[in-house]
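Participant: So that you have it, the file is structure-v1.json, and it contains JSON, C-alpha atoms:
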[["chain", "number", "residue", "atom", "x", "y", "z"],
["A", 146, "GLN", "CA", 0.00, 0.00, 0.00],
["A", 147, "VAL", "CA", 1.47, 3.34, -1.09],
["A", 148, "GLN", "CA", 0.44, 6.58, 0.53],
["A", 149, "LEU", "CA", 0.74, 9.81, -1.43],
["A", 150, "VAL", "CA", 0.67, 13.24, 0.18],
["A", 151, "GLU", "CA", 0.46, 16.39, -1.93],
["A", 152, "SER", "CA", 1.62, 19.82, -0.86],
["A", 153, "GLY", "CA", 2.41, 23.18, -2.42],
["A", 154, "GLY", "CA", -1.04, 24.35, -3.39],
["A", 155, "GLY", "CA", -2.23, 27.84, -2.63],
["A", 156, "SER", "CA", -3.64, 31.06, -4.04],
["A", 157, "VAL", "CA", -1.80, 33.04, -6.68],
["A", 158, "GLN", "CA", -2.58, 35.72, -9.20],
["A", 159, "ALA", "CA", -2.77, 34.97, -12.90],
["A", 160, "GLY", "CA", 0.68, 34.67, -14.38],
["A", 161, "GLY", "CA", 2.14, 33.36, -11.16],
["A", 162, "SER", "CA", 3.78, 30.03, -10.39],
["A", 163, "LEU", "CA", 3.37, 27.19, -7.94],
["A", 164, "ARG", "CA", 5.24, 23.93, -7.43],
["A", 165, "LEU", "CA", 3.24, 20.97, -6.25],
["A", 166, "SER", "CA", 4.95, 18.07, -4.50],
["A", 167, "CYS", "CA", 3.74, 14.52, -3.94],
["A", 168, "ALA", "CA", 5.64, 12.50, -1.36],
["A", 169, "ALA", "CA", 5.33, 8.71, -1.37],
["A", 170, "SER", "CA", 5.48, 6.42, 1.63],
["A", 171, "ARG", "CA", 4.70, 2.84, 2.54],
["A", 172, "PHE", "CA", 3.85, 1.84, 6.11],
["A", 173, "GLY", "CA", 5.19, 5.19, 7.31],
["A", 174, "TYR", "CA", 8.49, 4.97, 5.46],
["A", 175, "THR", "CA", 9.54, 6.93, 2.39],
["A", 176, "THR", "CA", 9.30, 4.68, -0.64],
["A", 177, "THR", "CA", 10.41, 4.86, -4.24],
["A", 178, "ILE", "CA", 7.80, 5.19, -6.95],
["A", 179, "GLY", "CA", 10.03, 5.73, -9.96],
["A", 180, "SER", "CA", 8.90, 2.62, -11.79],
["A", 181, "TYR", "CA", 5.19, 3.37, -11.53],
["A", 182, "CYS", "CA", 2.88, 5.23, -13.87],
["A", 183, "LEU", "CA", 2.84, 8.63, -12.13],
["A", 184, "GLY", "CA", 0.36, 11.32, -12.86],
["A", 185, "TRP", "CA", -1.22, 14.58, -11.85],
["A", 186, "PHE", "CA", -4.96, 15.07, -12.23],
["A", 187, "ARG", "CA", -7.24, 17.94, -11.35],
["A", 188, "GLN", "CA", -10.89, 18.52, -10.69],
["A", 189, "ALA", "CA", -12.64, 21.86, -10.64],
["A", 190, "PRO", "CA", -16.03, 22.34, -8.95],
["A", 191, "GLY", "CA", -18.81, 21.01, -11.15],
["A", 192, "LYS", "CA", -16.38, 19.47, -13.63],
["A", 193, "GLU", "CA", -15.06, 16.00, -14.22],
["A", 194, "ARG", "CA", -11.57, 15.00, -13.16],
["A", 195, "GLU", "CA", -9.05, 15.46, -15.95],
["A", 196, "GLY", "CA", -5.50, 14.34, -16.51],
["A", 197, "VAL", "CA", -2.87, 17.07, -16.43],
["A", 198, "ALA", "CA", 0.46, 15.30, -16.92],
["A", 199, "ASN", "CA", 2.09, 11.93, -16.43],
["A", 200, "ILE", "CA", 5.38, 10.06, -16.51],
["A", 201, "ASP", "CA", 5.52, 6.41, -17.54],
["A", 202, "THR", "CA", 8.01, 3.78, -16.41],
["A", 203, "GLY", "CA", 10.34, 4.74, -19.25],
["A", 204, "SER", "CA", 10.25, 8.40, -18.12],
["A", 205, "THR", "CA", 8.27, 9.51, -21.14],
["A", 206, "THR", "CA", 6.14, 12.46, -20.21],
["A", 207, "TYR", "CA", 2.74, 13.58, -21.41],
["A", 208, "TYR", "CA", 0.99, 16.90, -20.99],
["A", 209, "ALA", "CA", -2.60, 17.80, -21.66],
["A", 210, "ASP", "CA", -2.88, 20.46, -24.33],
["A", 211, "PHE", "CA", -4.24, 23.01, -21.87],
["A", 212, "VAL", "CA", -1.01, 22.93, -19.80],
["A", 213, "LYS", "CA", 1.58, 22.17, -22.45],
["A", 214, "GLY", "CA", 4.43, 24.66, -22.32],
["A", 215, "ARG", "CA", 3.40, 25.92, -18.88],
["A", 216, "PHE", "CA", 3.58, 22.89, -16.56],
["A", 217, "THR", "CA", 6.45, 20.45, -16.02],
["A", 218, "ILE", "CA", 6.22, 17.06, -14.34],
["A", 219, "SER", "CA", 9.34, 15.63, -12.75],
["A", 220, "GLN", "CA", 10.70, 13.41, -10.00],
["A", 221, "ASP", "CA", 13.49, 13.84, -7.50],
["A", 222, "ASN", "CA", 16.66, 11.83, -8.00],
["A", 223, "ALA", "CA", 15.66, 9.37, -5.29],
["A", 224, "LYS", "CA", 12.35, 8.72, -7.10],
["A", 225, "THR", "CA", 10.37, 9.27, -3.90],
["A", 226, "THR", "CA", 8.70, 12.56, -4.76],
["A", 227, "LEU", "CA", 6.73, 13.67, -7.78],
["A", 228, "TYR", "CA", 6.56, 17.34, -8.72],
["A", 229, "LEU", "CA", 4.43, 19.56, -10.88],
["A", 230, "GLN", "CA", 5.93, 22.94, -11.68],
["A", 231, "MET", "CA", 3.16, 25.25, -12.79],
["A", 232, "ASN", "CA", 4.05, 28.52, -14.51],
["A", 233, "SER", "CA", 1.96, 31.18, -16.21],
["A", 234, "LEU", "CA", -1.05, 30.11, -14.21],
["A", 235, "LYS", "CA", -4.49, 31.05, -15.46],
["A", 236, "PRO", "CA", -7.80, 31.37, -13.57],
["A", 237, "GLU", "CA", -9.02, 28.27, -15.43],
["A", 238, "ASP", "CA", -6.25, 26.28, -13.72],
["A", 239, "THR", "CA", -8.15, 26.66, -10.45],
["A", 240, "ALA", "CA", -8.90, 23.16, -9.18],
["A", 241, "MET", "CA", -8.05, 20.50, -6.64],
["A", 242, "TYR", "CA", -4.90, 18.77, -7.85],
["A", 243, "TYR", "CA", -4.25, 15.11, -7.15],
["A", 244, "CYS", "CA", -1.18, 12.99, -7.65],
["A", 245, "ALA", "CA", -1.53, 9.32, -8.43],
["A", 246, "ALA", "CA", 0.59, 6.21, -8.85],
["A", 247, "GLY", "CA", -0.27, 3.08, -10.79],
["A", 248, "ARG", "CA", 1.19, -0.15, -12.11],
["A", 249, "PRO", "CA", 4.49, 0.11, -13.95],
["A", 250, "SER", "CA", 4.00, 0.56, -17.69],
["A", 251, "TYR", "CA", 6.15, 1.69, -20.59],
["A", 252, "SER", "CA", 2.99, 2.69, -22.40],
["A", 253, "ASN", "CA", 2.37, 6.38, -21.91],
["A", 254, "ALA", "CA", -1.03, 5.91, -23.51],
["A", 255, "TYR", "CA", -1.87, 3.49, -20.70],
["A", 256, "CYS", "CA", -0.55, 5.90, -18.07],
["A", 257, "ARG", "CA", -2.96, 8.57, -19.34],
["A", 258, "ARG", "CA", -5.93, 6.49, -18.23],
["A", 259, "ALA", "CA", -7.38, 7.28, -14.79],
["A", 260, "ASP", "CA", -8.05, 3.56, -14.27],
["A", 261, "ALA", "CA", -4.31, 2.90, -14.54],
["A", 262, "TYR", "CA", -3.91, 4.41, -11.08],
["A", 263, "ASN", "CA", -4.70, 2.66, -7.83],
["A", 264, "TYR", "CA", -3.01, 5.04, -5.39],
["A", 265, "TRP", "CA", -4.24, 8.59, -5.00],
["A", 266, "GLY", "CA", -3.33, 11.51, -2.77],
["A", 267, "GLN", "CA", -5.83, 13.59, -0.85],
["A", 268, "GLY", "CA", -5.42, 16.59, -3.12],
["A", 269, "THR", "CA", -4.10, 20.12, -2.81],
["A", 270, "GLN", "CA", -6.11, 23.19, -3.78],
["A", 271, "VAL", "CA", -4.82, 25.62, -6.39],
["A", 272, "THR", "CA", -6.67, 28.90, -6.79],
["A", 273, "VAL", "CA", -5.69, 31.41, -9.46],
["A", 274, "SER", "CA", -7.24, 34.86, -9.39],
["A", 275, "SER", "CA", -7.45, 37.25, -12.31]]
I'd like the structure from this file rewritten - as structure tokens, please.
Facilitator:
Amino acid sequence: QVQLVESGGGSVQAGGSLRLSCAASRFGYTTTIGSYCLGWFRQAPGKEREGVANIDTGSTTYYADFVKGRFTISQDNAKTTLYLQMNSLKPEDTAMYYCAAGRPSYSNAYCRRADAYNYWGQGTQVTVSS
């Protein structure tokens, strides 16, 4: 069982930046998640959850069109923490952001699917004002 804890959310003005972190642990101990499908998802009030970015087991990354060029997904060298650097934030980026980890897969197409993920964090709120 992997536990994921997000942090780094907050309120910023349009054009600002935030860096979300997602720390992984197992039975209270930091654990590596580098081989998993790793992803960031978001859900705004009244809207369905949507995929933002992911990294597959081969470290291939994917970005949704609405964040491409503004957000960057990455991991720390120890492969215990997942990040999402968010630049040039827009009011439409306002949402609860969730990190997730799933089975290892070299298929980035597979890692884009929400049902590829069986571990989810509790979410961190990002609010962007105009």
Participant: Nearest to Met241 of chain A among A:Thr226, A:Ser152, A:Gln188, A:Thr176, with distances taken over all atoms listed in the file: which residue is it?
Facilitator: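 The shortest atom-to-atom distance to Met241 of chain A comes from A:Gln188.
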Participant: Find the residue from A:Ser252, A:Ser170, A:Gln230, A:Thr239 that sits nearest to Gly153 of chain A; use only C-alpha atoms when measuring.
Facilitator: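 Using only C-alpha atoms, the shortest distance to Gly153 of chain A belongs to A:Gln230.
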Participant: Counting only C-alpha atoms, find residues at most 8 Å from (5.5, 31.7, -11.1) (file frame) and give them as a list of chain:residue names.
Facilitator: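 Here is the list of nearby residues: A:Gly160, A:Gly161, A:Ser162, A:Leu163, A:Met231, A:Asn232, A:Ser233, A:Leu234.
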Participant: Ala189 of chain A: which residues within 8 Å, counting all atoms listed in the file, same-chain residues fewer than 2 positions away excluded, as a PyMOL selection string?
Facilitator: chain A and resi 187+191-194+239-241
Participant: Which of these, A:Thr225, A:Ser250, A:Gln267, A:Gln146, has the shortest distance to Trp185 of chain A once you count all atoms listed in the file?
Facilitator: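 Residue with the minimum atom-to-atom distance to Trp185 of chain A: A:Gln267.
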Participant: Hey, which of A:Gly179, A:Gly155, A:Pro190, A:Gly184 ends up closest to Gly266 of chain A? Count only C-alpha atoms.
Facilitator: A:Gly184
